>>> print(open('coords-v7.cif').read())   # mmCIF, C-alpha atoms and all ligand atoms
data_structure
#
loop_
_atom_site.label_atom_id
_atom_site.label_comp_id
_atom_site.auth_asym_id
_atom_site.auth_seq_id
_atom_site.Cartn_x
_atom_site.Cartn_y
_atom_site.Cartn_z
CA MET A 1 84.11 8.75 -67.21
CA PRO A 2 83.22 12.18 -68.68
CA LEU A 3 79.63 13.42 -68.32
CA ALA A 4 77.32 11.59 -70.74
CA ASP A 5 75.03 14.57 -71.30
CA ILE A 6 73.91 17.86 -69.76
CA TYR A 7 70.49 19.53 -69.68
CA GLY A 8 69.44 22.82 -68.18
CA PRO A 9 66.87 25.54 -67.68
CA ASP A 10 67.38 26.58 -71.34
CA ASN A 11 66.05 23.19 -72.46
CA PHE A 12 63.07 23.00 -70.15
CA GLY A 13 60.70 25.42 -68.50
CA LEU A 14 61.57 28.81 -67.04
CA PRO A 15 65.11 30.20 -67.12
CA ALA A 16 66.85 30.29 -63.71
CA HIS A 17 66.64 34.09 -63.36
CA ALA A 18 62.84 33.92 -63.55
CA ARG A 19 62.68 31.62 -60.53
CA SER A 20 64.04 33.79 -57.75
CA LEU A 21 62.63 33.82 -54.21
CA PRO A 22 60.47 36.75 -53.02
CA GLY A 23 62.41 40.02 -52.62
CA ALA A 24 60.94 41.39 -49.38
CA ARG A 25 60.47 39.89 -45.92
CA ALA A 26 56.85 39.25 -45.07
CA PRO A 27 55.45 41.75 -42.52
CA LEU A 28 54.70 40.32 -39.06
CA SER A 29 51.44 38.40 -39.10
CA ALA A 30 48.78 38.80 -36.38
CA GLN A 31 49.64 35.28 -35.17
CA GLU A 32 53.34 36.18 -34.84
CA ARG A 33 52.46 39.33 -32.88
CA ALA A 34 50.19 37.31 -30.59
CA ARG A 35 52.91 34.87 -29.60
CA ALA A 36 55.70 37.48 -29.35
CA LEU A 37 57.81 37.86 -26.19
CA PRO A 38 59.15 41.25 -25.08
CA MET A 39 62.35 42.24 -26.94
CA PRO A 40 65.22 41.76 -24.40
CA PRO A 41 67.52 44.71 -23.54
CA LEU A 42 70.48 44.93 -25.92
CA GLU A 43 72.94 47.20 -24.08
CA TRP A 44 76.59 46.34 -23.55
CA THR A 45 76.89 46.16 -19.75
CA PRO A 46 79.42 44.62 -17.32
CA GLU A 47 76.88 41.80 -16.78
CA VAL A 48 76.75 41.08 -20.53
CA GLU A 49 80.54 41.22 -20.73
CA ALA A 50 80.90 38.71 -17.88
CA ALA A 51 78.19 36.38 -19.20
CA THR A 52 79.76 36.19 -22.67
CA ALA A 53 83.49 36.25 -21.82
CA HIS A 54 83.85 32.47 -22.28
CA LEU A 55 82.31 32.77 -25.76
CA TYR A 56 84.57 35.64 -26.79
CA GLU A 57 87.55 33.47 -25.93
CA LYS A 58 86.45 31.03 -28.65
CA VAL A 59 86.31 33.68 -31.40
CA GLN A 60 88.90 36.24 -30.35
CA THR A 61 91.24 35.37 -33.23
CA VAL A 62 88.59 36.17 -35.83
CA ILE A 63 86.35 38.86 -34.22
CA PRO A 64 88.10 42.13 -33.28
CA PRO A 65 87.47 43.31 -29.67
CA VAL A 66 85.88 46.51 -30.99
CA GLU A 67 83.06 44.48 -32.62
CA TRP A 68 82.26 42.26 -29.64
CA PRO A 69 80.21 44.85 -27.62
CA PHE A 70 77.76 45.00 -30.56
CA MET A 71 77.42 41.21 -30.77
CA ALA A 72 77.51 40.10 -27.14
CA PRO A 73 74.09 41.51 -26.06
CA TYR A 74 72.43 39.63 -28.93
CA ILE A 75 74.33 36.44 -28.13
CA LYS A 76 73.31 36.55 -24.46
CA ALA A 77 69.68 37.28 -25.36
CA ILE A 78 69.54 34.50 -27.99
CA ASN A 79 71.04 31.90 -25.66
CA GLU A 80 68.52 32.79 -22.93
CA LEU A 81 65.49 32.90 -25.25
CA LYS A 82 66.45 29.57 -26.81
CA ARG A 83 65.79 27.86 -23.48
CA GLU A 84 62.56 29.77 -22.90
CA ARG A 85 61.28 28.83 -26.38
CA ASP A 86 62.48 25.18 -26.21
CA ALA A 87 64.41 25.83 -29.41
CA VAL A 88 67.58 24.38 -30.88
CA ILE A 89 69.81 26.22 -33.36
CA LEU A 90 71.25 24.26 -36.31
CA ALA A 91 73.98 26.16 -38.16
CA HIS A 92 75.78 25.36 -41.39
CA ASN A 93 79.59 25.59 -41.64
CA TYR A 94 79.20 28.82 -43.69
CA GLN A 95 77.57 30.80 -40.88
CA THR A 96 79.68 33.62 -39.43
CA PRO A 97 81.80 32.83 -36.31
CA GLU A 98 79.54 34.69 -33.84
CA ILE A 99 76.66 32.42 -34.96
CA PHE A 100 78.68 29.24 -35.53
CA HIS A 101 80.68 29.35 -32.27
CA CYS A 102 78.47 31.42 -29.94
CA VAL A 103 74.77 30.56 -30.44
CA ALA A 104 74.57 27.33 -32.47
CA ASP A 105 73.79 24.03 -30.70
CA ILE A 106 74.56 21.82 -33.69
CA VAL A 107 76.91 22.68 -36.56
CA GLY A 108 77.94 20.80 -39.68
CA ASP A 109 77.70 20.24 -43.39
CA SER A 110 74.40 19.54 -45.15
CA LEU A 111 74.55 15.81 -44.44
CA GLN A 112 75.40 16.23 -40.75
CA LEU A 113 72.63 18.81 -40.32
CA ALA A 114 70.08 16.53 -42.03
CA ILE A 115 71.08 13.59 -39.81
CA GLU A 116 71.10 15.70 -36.64
CA ALA A 117 67.68 17.14 -37.56
CA THR A 118 66.24 13.61 -37.17
CA LYS A 119 67.47 13.47 -33.53
CA VAL A 120 66.29 16.86 -32.27
CA LYS A 121 64.24 16.74 -29.05
CA ALA A 122 63.29 20.45 -28.84
CA SER A 123 59.90 21.53 -30.18
CA THR A 124 61.37 24.30 -32.38
CA ILE A 125 64.30 24.22 -34.80
CA ILE A 126 65.93 27.48 -35.88
CA GLN A 127 67.85 26.84 -39.07
CA CYS A 128 70.82 29.13 -39.59
CA GLY A 129 71.56 28.32 -43.19
CA VAL A 130 69.65 28.63 -46.43
CA HIS A 131 66.04 27.84 -47.25
CA PHE A 132 66.56 24.34 -48.65
CA MET A 133 68.29 23.36 -45.39
CA ALA A 134 65.31 24.59 -43.35
CA GLU A 135 63.01 22.67 -45.69
CA THR A 136 65.08 19.52 -45.17
CA SER A 137 64.69 19.91 -41.40
CA LYS A 138 60.92 20.38 -41.80
CA ILE A 139 60.69 17.36 -44.14
CA LEU A 140 62.38 15.25 -41.47
CA ASN A 141 60.42 16.80 -38.58
CA PRO A 142 56.87 17.41 -39.82
CA GLU A 143 55.54 17.76 -36.26
CA LYS A 144 58.08 20.38 -35.18
CA ARG A 145 58.08 24.11 -35.80
CA VAL A 146 60.98 25.00 -38.12
CA LEU A 147 61.97 28.66 -38.35
CA ILE A 148 64.46 30.38 -40.65
CA PRO A 149 65.61 33.88 -39.63
CA ASP A 150 65.25 35.14 -43.23
CA SER A 151 63.25 33.08 -45.71
CA ARG A 152 64.87 34.94 -48.62
CA ALA A 153 68.10 33.00 -47.95
CA GLY A 154 67.99 31.04 -51.22
CA CYS A 155 70.59 29.16 -53.24
CA SER A 156 71.50 29.47 -56.93
CA LEU A 157 71.48 25.67 -57.23
CA ALA A 158 68.05 25.22 -55.65
CA SER A 159 66.56 27.94 -57.87
CA SER A 160 67.96 26.40 -61.08
CA ILE A 161 65.45 23.53 -61.22
CA THR A 162 61.81 22.80 -60.43
CA GLY A 163 59.74 19.65 -59.91
CA ALA A 164 58.29 20.18 -63.41
CA ASP A 165 61.82 20.06 -64.89
CA VAL A 166 62.40 16.72 -63.13
CA ARG A 167 59.18 15.31 -64.58
CA LEU A 168 60.36 16.32 -68.08
CA LEU A 169 63.72 14.62 -67.46
CA ARG A 170 61.87 11.44 -66.43
CA GLU A 171 59.87 11.51 -69.66
CA LYS A 172 63.07 11.95 -71.67
CA PHE A 173 65.01 9.22 -69.82
CA PRO A 174 62.45 6.64 -68.68
CA GLY A 175 63.79 4.18 -66.12
CA VAL A 176 67.00 6.15 -65.39
CA PRO A 177 67.30 6.79 -61.62
CA ILE A 178 67.44 10.45 -60.57
CA VAL A 179 69.65 11.72 -57.75
CA ALA A 180 69.03 15.23 -56.40
CA TYR A 181 71.63 17.16 -54.45
CA VAL A 182 70.02 18.33 -51.19
CA ASN A 183 70.51 21.87 -52.52
CA THR A 184 67.03 21.63 -54.09
CA SER A 185 63.47 22.56 -53.10
CA ALA A 186 61.07 20.07 -51.47
CA ASP A 187 59.20 20.11 -54.79
CA VAL A 188 62.27 18.64 -56.55
CA LYS A 189 63.09 16.19 -53.74
CA ALA A 190 59.55 14.83 -54.04
CA GLU A 191 60.10 13.95 -57.73
CA VAL A 192 63.45 12.16 -57.51
CA ASP A 193 64.52 8.67 -56.38
CA ILE A 194 67.10 9.69 -53.81
CA CYS A 195 69.00 12.71 -52.51
CA CYS A 196 72.72 13.16 -51.97
CA THR A 197 75.05 15.72 -50.45
CA SER A 198 78.63 16.52 -51.37
CA SER A 199 79.69 14.11 -48.59
CA ASN A 200 78.02 11.02 -50.02
CA ALA A 201 77.32 11.77 -53.73
CA LEU A 202 79.61 9.03 -55.07
CA GLN A 203 78.25 6.34 -52.66
CA VAL A 204 74.65 7.34 -53.48
CA VAL A 205 75.24 7.15 -57.26
CA GLU A 206 76.98 3.76 -56.96
CA SER A 207 74.33 2.41 -54.54
CA LEU A 208 71.71 2.53 -57.31
CA GLY A 209 73.20 -0.36 -59.32
CA SER A 210 72.44 1.39 -62.62
CA ASP A 211 74.90 1.99 -65.47
CA THR A 212 73.36 5.46 -66.04
CA VAL A 213 72.19 7.98 -63.44
CA ILE A 214 70.77 11.50 -63.72
CA MET A 215 72.39 13.85 -61.19
CA LEU A 216 70.99 17.30 -60.58
CA PRO A 217 71.24 20.25 -60.37
CA ASP A 218 74.98 20.93 -59.93
CA GLN A 219 76.89 20.35 -63.16
CA TYR A 220 80.25 20.58 -61.34
CA LEU A 221 79.41 18.11 -58.58
CA ALA A 222 78.10 15.81 -61.35
CA LYS A 223 81.38 16.21 -63.30
CA TYR A 224 83.38 15.49 -60.15
CA VAL A 225 81.38 12.33 -59.42
CA ALA A 226 81.63 11.29 -63.11
CA SER A 227 85.42 11.54 -62.81
CA GLN A 228 85.37 9.06 -59.89
CA THR A 229 83.00 6.37 -61.23
CA LYS A 230 82.23 4.12 -64.20
CA VAL A 231 78.52 5.05 -63.96
CA LYS A 232 77.37 7.24 -66.90
CA ILE A 233 76.16 10.57 -65.47
CA ILE A 234 73.57 12.81 -67.11
CA ALA A 235 73.73 16.25 -65.47
CA TRP A 236 71.75 19.47 -65.09
CA LYS A 237 73.24 22.88 -65.91
CA GLY A 238 72.99 24.43 -62.42
CA ALA A 239 75.95 25.94 -60.59
CA CYS A 240 76.75 27.45 -57.23
CA GLU A 241 77.27 31.18 -57.74
CA VAL A 242 79.97 31.17 -55.02
CA HIS A 243 82.10 28.19 -56.12
CA GLU A 244 81.88 28.73 -59.88
CA ARG A 245 83.80 32.00 -59.46
CA PHE A 246 87.02 30.32 -58.31
CA THR A 247 89.52 29.61 -61.09
CA GLY A 248 92.45 27.25 -61.55
CA ASP A 249 94.57 30.28 -62.57
CA GLU A 250 94.14 32.07 -59.25
CA LEU A 251 95.13 28.88 -57.42
CA ALA A 252 98.17 28.42 -59.69
CA LEU A 253 99.26 31.93 -58.72
CA ILE A 254 98.89 31.15 -55.00
CA ARG A 255 100.89 27.95 -55.46
CA ALA A 256 103.59 29.73 -57.47
CA ASN A 257 104.04 32.14 -54.53
CA ASP A 258 104.21 29.28 -52.01
CA PRO A 259 104.70 25.73 -53.37
CA THR A 260 104.12 24.29 -49.85
CA VAL A 261 100.59 25.68 -49.49
CA GLN A 262 97.81 23.06 -49.25
CA ILE A 263 94.77 23.65 -51.47
CA VAL A 264 91.47 22.10 -50.38
CA ALA A 265 88.40 22.53 -52.61
CA HIS A 266 84.67 21.89 -52.46
CA PRO A 267 83.30 19.67 -55.30
CA GLU A 268 80.93 22.48 -56.39
CA CYS A 269 84.06 24.12 -57.91
CA PRO A 270 84.77 23.89 -61.68
CA PRO A 271 87.09 21.06 -62.87
CA ASP A 272 90.21 23.27 -63.32
CA VAL A 273 89.93 24.23 -59.62
CA ILE A 274 89.56 20.61 -58.52
CA GLU A 275 92.53 19.76 -60.74
CA ALA A 276 94.65 22.41 -58.99
CA SER A 277 93.74 21.13 -55.50
CA ASP A 278 95.38 18.65 -53.11
CA PHE A 279 92.06 17.44 -51.70
CA THR A 280 88.37 17.71 -52.63
CA GLY A 281 85.50 17.15 -50.23
CA SER A 282 82.35 18.45 -48.58
CA THR A 283 82.66 21.28 -46.08
CA ALA A 284 82.89 18.74 -43.21
CA HIS A 285 85.55 16.72 -45.05
CA MET A 286 87.51 19.92 -45.76
CA ILE A 287 87.45 20.79 -42.04
CA ASP A 288 88.54 17.24 -41.12
CA TYR A 289 91.43 17.54 -43.59
CA VAL A 290 92.72 20.65 -41.79
CA ARG A 291 92.20 19.11 -38.32
CA LYS A 292 94.08 15.92 -39.27
CA ASN A 293 96.88 17.32 -41.43
CA LYS A 294 97.46 20.62 -39.57
CA PRO A 295 98.97 22.27 -42.69
CA LYS A 296 101.20 25.30 -42.10
CA ARG A 297 99.32 27.25 -44.77
CA VAL A 298 96.03 26.27 -46.39
CA VAL A 299 93.53 27.64 -48.91
CA LEU A 300 89.94 26.53 -48.31
CA VAL A 301 88.37 26.99 -51.73
CA THR A 302 84.83 27.62 -50.54
CA GLU A 303 82.71 30.25 -48.77
CA CYS A 304 84.84 32.63 -46.63
CA SER A 305 83.22 32.22 -43.24
CA MET A 306 84.24 28.59 -43.04
CA ALA A 307 87.93 29.53 -42.94
CA ASP A 308 87.14 31.93 -40.05
CA ASN A 309 85.30 29.18 -38.17
CA VAL A 310 88.17 26.71 -38.52
CA GLN A 311 90.77 29.40 -37.79
CA ALA A 312 88.97 30.17 -34.50
CA GLU A 313 89.51 26.57 -33.33
CA THR A 314 93.00 25.90 -34.70
CA GLY A 315 94.67 28.52 -32.47
CA GLY A 316 97.22 29.87 -34.96
CA VAL A 317 98.75 26.47 -35.95
CA THR A 318 97.52 26.97 -39.51
CA GLU A 319 97.59 30.13 -41.58
CA PHE A 320 94.52 30.51 -43.80
CA VAL A 321 95.13 32.05 -47.21
CA LYS A 322 91.78 33.52 -48.23
CA PRO A 323 90.67 34.03 -51.80
CA CYS A 324 87.30 35.07 -50.48
CA ASN A 325 83.86 34.49 -52.01
CA LEU A 326 80.84 35.15 -49.79
CA CYS A 327 77.48 33.42 -50.21
CA PRO A 328 74.98 36.32 -50.19
CA HIS A 329 72.21 33.91 -49.14
CA MET A 330 74.03 32.49 -46.11
CA LYS A 331 74.93 36.05 -45.13
CA ARG A 332 71.25 37.00 -44.81
CA ILE A 333 71.29 35.17 -41.47
CA THR A 334 72.44 37.56 -38.74
CA LEU A 335 72.28 37.79 -34.93
CA PRO A 336 69.46 40.41 -34.97
CA LYS A 337 67.37 38.21 -37.30
CA ILE A 338 67.96 35.11 -35.12
CA LEU A 339 66.78 37.09 -32.10
CA ASP A 340 63.79 38.26 -34.12
CA SER A 341 62.99 34.61 -34.89
CA LEU A 342 62.94 33.76 -31.18
CA VAL A 343 60.96 36.82 -30.11
CA TYR A 344 58.27 36.52 -32.80
CA MET A 345 58.60 32.80 -33.70
CA ARG A 346 59.19 33.67 -37.34
CA GLU A 347 59.66 32.86 -40.27
CA GLU A 348 57.95 29.51 -40.19
CA VAL A 349 58.75 26.96 -42.92
CA THR A 350 55.69 25.09 -44.13
CA ILE A 351 55.45 22.31 -46.73
CA ASP A 352 52.33 20.59 -48.05
CA PRO A 353 52.22 17.32 -46.01
CA ALA A 354 51.71 15.05 -49.06
CA LEU A 355 54.64 16.69 -50.87
CA ALA A 356 56.76 16.52 -47.70
CA GLU A 357 56.07 12.78 -47.40
CA ARG A 358 57.37 12.13 -50.92
CA ALA A 359 60.39 14.37 -50.35
CA ARG A 360 61.07 12.58 -47.03
CA ALA A 361 61.36 9.23 -48.82
CA SER A 362 64.22 10.65 -50.98
CA VAL A 363 66.04 12.14 -47.99
CA GLU A 364 65.61 9.01 -45.86
CA ARG A 365 66.91 6.79 -48.66
CA MET A 366 70.02 8.96 -48.73
CA ILE A 367 70.49 8.81 -44.95
CA ALA A 368 70.23 5.00 -45.15
CA VAL A 369 73.13 4.96 -47.66
CA GLY A 370 75.18 7.05 -45.20
P1 LIG B 401 78.12 20.92 -47.82
O1 LIG B 401 77.10 19.84 -47.85
O2 LIG B 401 79.47 20.46 -48.24
O3 LIG B 401 78.13 21.58 -46.47
O4 LIG B 401 77.74 22.02 -48.90
C1 LIG B 401 76.59 22.79 -48.81
C2 LIG B 401 76.67 23.98 -49.64
O5 LIG B 401 75.75 24.73 -49.79
C3 LIG B 401 77.94 24.23 -50.30
O6 LIG B 401 77.88 25.37 -51.03
FE1 LIG B 402 73.90 27.64 -52.57
FE2 LIG B 402 76.41 28.10 -53.24
FE3 LIG B 402 75.34 29.49 -51.26
FE4 LIG B 402 75.91 26.86 -50.95
S1 LIG B 402 77.34 28.53 -51.28
S2 LIG B 402 74.03 27.91 -50.36
S3 LIG B 402 75.46 26.10 -53.01
S4 LIG B 402 74.69 29.54 -53.43
#
>>> encode(input="coords-v7.cif", output="structure tokens")
Amino acid sequence: MPLADIYGPDNFGLPAHARSLPGARAPLSAQERARALPMPPLEWTPEVEAATAHLYEKVQTVIPPVEWPFMAPYIKAINELKRERDAVILAHNYQTPEIFHCVADIVGDSLQLAIEATKVKASTIIQCGVHFMAETSKILNPEKRVLIPDSRAGCSLASSITGADVRLLREKFPGVPIVAYVNTSADVKAEVDICCTSSNALQVVESLGSDTVIMLPDQYLAKYVASQTKVKIIAWKGACEVHERFTGDELALIRANDPTVQIVAHPECPPDVIEASDFTGSTAHMIDYVRKNKPKRVVLVTECSMADNVQAETGGVTEFVKPCNLCPHMKRITLPKILDSLVYMREEVTIDPALAERARASVERMIAVG
């Protein structure tokens, strides 16, 4: 059914643009200096070339040989320091190929990363993704040290709503269960009944046994779920700044040029884009679609780096047509900043323990649904 209603930052509280994350990286603290290791050498040498040759093989179709000598010394240093620091690197599907294929230990969509975060044995987690993902790892691992290479890696969805907004929604709709997309701050997760990701949003909404559900903050994910269920959905007016830029018209043009092309879209896209697509799913479901169907030509309507990551593993079977939108927040995570994280053990993600406990209940309820 169509969305029942939609609320947004204009109705409640501060407008989204007044809620941005801090603009500058914090200077190194005395504590970070005290626990720093020496910065490893970063020259391109025959030893570095030999030690990283097996990794270059994995990414050679998407990273030109001329760029590799700049990346390989960082990759070798990161992989060595990871062991020394007892750290594990979790990377989202939108990380660039040199991170995704060459230094990450665990990769996946938001749901997979949240589930894997509960199984980590290492004492430190380095989250290569955006801030809400690092917060989710910390929520699920309060006793571990969680680092993000750049804490300014935000998300337009997460910054569109606050815990105070959720409390106002509760006052307005007493008794209506509230589902928060994981693309929200810990403050918001603590106020809601359950979380969801793009992988399980429909199951989570239907698991609540309510004829009406509030779903926040992504209006397009909410519209997509509303189109798949009889549950009445009340939405929030947030949007992903990357996916909302795709249009049905640009996809129609691509299809007019090649009627055989497969179009695969993320549910954060607007309805005309979903309408123009052959398949809609989370980033992990989009990757599975390509692995299973092996299309000759495909458009992945999502952040650009994911097409590079899949292209690296599909060995030329599939041609990727790329209308390319980059997520500026995901792109804040780079090899030099990951190395910096390991050398200085920065930037640590901290959450008030009482708040984290309430947020954990919402994330764990979601994981129980699947
Ligand atoms: P997924 O859960 O599908 O990986 O999506 C996360 C995200 O940020 C998409 O923009
Ligand atoms: Fe947020 Fe969109 Fe970037 Fe995903 S792609 S992190 S939803 S801004």
>>> atom_distance(input="coords-v7.cif", atom1="CA of Ser277 in chain A", atom2="CA of His92 in chain A")
23.2 Å
>>> closest_atom_pairs(input="coords-v7.cif", of="range 48-134 of chain A", to="range 339-360 of chain A", cutoff="9 Å", atoms="all atoms listed in the file", output="tab-separated table")
residue	atom	partner	partner_atom	distance
A:Tyr74	CA	A:Leu339	CA	7.0
A:Ile75	CA	A:Leu339	CA	8.6
A:Ala77	CA	A:Leu339	CA	7.3
A:Ile78	CA	A:Leu339	CA	5.6
A:Leu81	CA	A:Leu342	CA	6.5
A:Lys82	CA	A:Leu342	CA	7.0
A:Arg85	CA	A:Leu342	CA	7.1
A:Ala87	CA	A:Leu342	CA	8.3
A:Ile126	CA	A:Ser341	CA	7.8
A:His131	CA	A:Val349	CA	8.5
A:Ala134	CA	A:Val349	CA	7.0
>>> residues_near_ligand(input="coords-v7.cif", ligand="ligand LIG 402 (chain B)", cutoff="10 Å", atoms="all atoms listed in the file", output="ChimeraX atom specification")
/A:92,94,110,129-133,153-159,181-184,218,238-244,266,268-269,302-304,325-331
>>> write_last_selection(input="coords-v7.cif", atoms="C-alpha atoms", output="compact mmCIF listing (two decimals), in the coordinates of the input")
# COMPACT_ATOMS: atom_id res chain seq x y z
CA HIS A 92 75.78 25.36 -41.39
CA TYR A 94 79.20 28.82 -43.69
CA SER A 110 74.40 19.54 -45.15
CA GLY A 129 71.56 28.32 -43.19
CA VAL A 130 69.65 28.63 -46.43
CA HIS A 131 66.04 27.84 -47.25
CA PHE A 132 66.56 24.34 -48.65
CA MET A 133 68.29 23.36 -45.39
CA ALA A 153 68.10 33.00 -47.95
CA GLY A 154 67.99 31.04 -51.22
CA CYS A 155 70.59 29.16 -53.24
CA SER A 156 71.50 29.47 -56.93
CA LEU A 157 71.48 25.67 -57.23
CA ALA A 158 68.05 25.22 -55.65
CA SER A 159 66.56 27.94 -57.87
CA TYR A 181 71.63 17.16 -54.45
CA VAL A 182 70.02 18.33 -51.19
CA ASN A 183 70.51 21.87 -52.52
CA THR A 184 67.03 21.63 -54.09
CA ASP A 218 74.98 20.93 -59.93
CA GLY A 238 72.99 24.43 -62.42
CA ALA A 239 75.95 25.94 -60.59
CA CYS A 240 76.75 27.45 -57.23
CA GLU A 241 77.27 31.18 -57.74
CA VAL A 242 79.97 31.17 -55.02
CA HIS A 243 82.10 28.19 -56.12
CA GLU A 244 81.88 28.73 -59.88
CA HIS A 266 84.67 21.89 -52.46
CA GLU A 268 80.93 22.48 -56.39
CA CYS A 269 84.06 24.12 -57.91
CA THR A 302 84.83 27.62 -50.54
CA GLU A 303 82.71 30.25 -48.77
CA CYS A 304 84.84 32.63 -46.63
CA ASN A 325 83.86 34.49 -52.01
CA LEU A 326 80.84 35.15 -49.79
CA CYS A 327 77.48 33.42 -50.21
CA PRO A 328 74.98 36.32 -50.19
CA HIS A 329 72.21 33.91 -49.14
CA MET A 330 74.03 32.49 -46.11
CA LYS A 331 74.93 36.05 -45.13
>>> residues_near_ligand(input="coords-v7.cif", ligand="ligand LIG 401 (chain B)", cutoff="6 Å", atoms="all atoms listed in the file", output="number ranges by chain")
A: 109-111, 197-198, 282-283
>>> write_last_selection(input="coords-v7.cif", atoms="C-alpha atoms", output="PDB file, keeping the file's coordinate frame")
ATOM      1  CA  ASP A 109      77.700  20.240 -43.390  1.00  0.00           C
ATOM      2  CA  SER A 110      74.400  19.540 -45.150  1.00  0.00           C
ATOM      3  CA  LEU A 111      74.550  15.810 -44.440  1.00  0.00           C
ATOM      4  CA  THR A 197      75.050  15.720 -50.450  1.00  0.00           C
ATOM      5  CA  SER A 198      78.630  16.520 -51.370  1.00  0.00           C
ATOM      6  CA  SER A 282      82.350  18.450 -48.580  1.00  0.00           C
ATOM      7  CA  THR A 283      82.660  21.280 -46.080  1.00  0.00           C
TER       8      THR A 283
END
>>> axis_aligned_box(input="coords-v7.cif", around="range 259-274 of chain A", padding_each_side="6 Å", output="lines of an AutoDock Vina configuration file")
center_x = 92.8
center_y = 22.7
center_z = -56.3
size_x = 35.8
size_y = 18.1
size_z = 26.1
>>> atom_distance(input="coords-v7.cif", atom1="CA of Ala307 in chain A", atom2="CA of Ile287 in chain A")
8.8 Å
>>> closest_residue(input="coords-v7.cif", among="A:Ile338, A:Asp211, A:Tyr289, A:Leu216", to="Ile125 in chain A", atoms="all atoms listed in the file")
A:Ile338
>>> residues_around(input="coords-v7.cif", residues="Met215 in chain A", least_positions_apart="6", cutoff="9 Å", atoms="only C-alpha atoms", output="PyMOL selection string")
chain A and resi 177-181+205+221-222+233-236
>>> closest_residue(input="coords-v7.cif", among="A:Ser227, A:Thr314, A:Ser207, A:Asn257", to="Ala368 in chain A", atoms="all atoms listed in the file")
A:Ser207
>>> closest_residue(input="coords-v7.cif", among="A:Phe279, A:Leu335, A:Leu147, A:Ala312", to="Pro267 in chain A", atoms="all atoms listed in the file")
A:Phe279
>>> closest_residue(input="coords-v7.cif", among="A:Pro27, A:Pro271, A:Pro149, A:Pro259", to="Ile89 in chain A", atoms="all atoms listed in the file")
A:Pro149
>>> residues_around(input="coords-v7.cif", residues="Thr136 in chain A", least_positions_apart="6", cutoff="8 Å", atoms="all atoms listed in the file", output="PDB file with C-alpha atoms, in the frame of the given file")
ATOM      1  CA  ALA A 114      70.080  16.530 -42.030  1.00  0.00           C
ATOM      2  CA  VAL A 182      70.020  18.330 -51.190  1.00  0.00           C
ATOM      3  CA  ALA A 186      61.070  20.070 -51.470  1.00  0.00           C
ATOM      4  CA  VAL A 363      66.040  12.140 -47.990  1.00  0.00           C
TER       5      VAL A 363
END
>>> closest_atom_pairs(input="coords-v7.cif", of="range 82-146 of chain A", to="range 44-55 of chain A", cutoff="12 Å", atoms="all atoms listed in the file", output="Markdown table")
| residue | atom | partner | partner_atom | distance |
| --- | --- | --- | --- | --- |
| A:Pro97 | CA | A:Leu55 | CA | 10.6 |
| A:Glu98 | CA | A:Leu55 | CA | 8.8 |
| A:Ile99 | CA | A:Leu55 | CA | 10.8 |
| A:Phe100 | CA | A:Leu55 | CA | 11.0 |
| A:His101 | CA | A:Leu55 | CA | 7.5 |
| A:Cys102 | CA | A:Leu55 | CA | 5.8 |
| A:Val103 | CA | A:Leu55 | CA | 9.1 |
| A:Ala104 | CA | A:Leu55 | CA | 11.6 |
>>> decode(input="coords-v7.cif", residues="range 225-240 of chain A", atoms="C-alpha atoms", output="PDB file, in the first residue's frame")
ATOM      1  CA  VAL A 225       8.648  -1.612   1.867  1.00  0.00           C
ATOM      2  CA  ALA A 226       5.150  -0.055   1.722  1.00  0.00           C
ATOM      3  CA  SER A 227       4.868  -1.287  -1.878  1.00  0.00           C
ATOM      4  CA  GLN A 228       5.569  -4.872  -0.711  1.00  0.00           C
ATOM      5  CA  THR A 229       3.287  -5.131   2.347  1.00  0.00           C
ATOM      6  CA  LYS A 230      -0.241  -4.547   3.642  1.00  0.00           C
ATOM      7  CA  VAL A 231       1.164  -2.861   6.778  1.00  0.00           C
ATOM      8  CA  LYS A 232       0.478   0.915   6.837  1.00  0.00           C
ATOM      9  CA  ILE A 233       3.849   2.709   6.888  1.00  0.00           C
ATOM     10  CA  ILE A 234       4.437   6.157   8.369  1.00  0.00           C
ATOM     11  CA  ALA A 235       7.795   7.453   7.119  1.00  0.00           C
ATOM     12  CA  TRP A 236      10.432  10.092   7.844  1.00  0.00           C
ATOM     13  CA  LYS A 237      11.665  12.514   5.175  1.00  0.00           C
ATOM     14  CA  GLY A 238      15.338  11.444   5.128  1.00  0.00           C
ATOM     15  CA  ALA A 239      17.157  10.380   1.966  1.00  0.00           C
ATOM     16  CA  CYS A 240      20.527   9.027   0.949  1.00  0.00           C
TER      17      CYS A 240
END
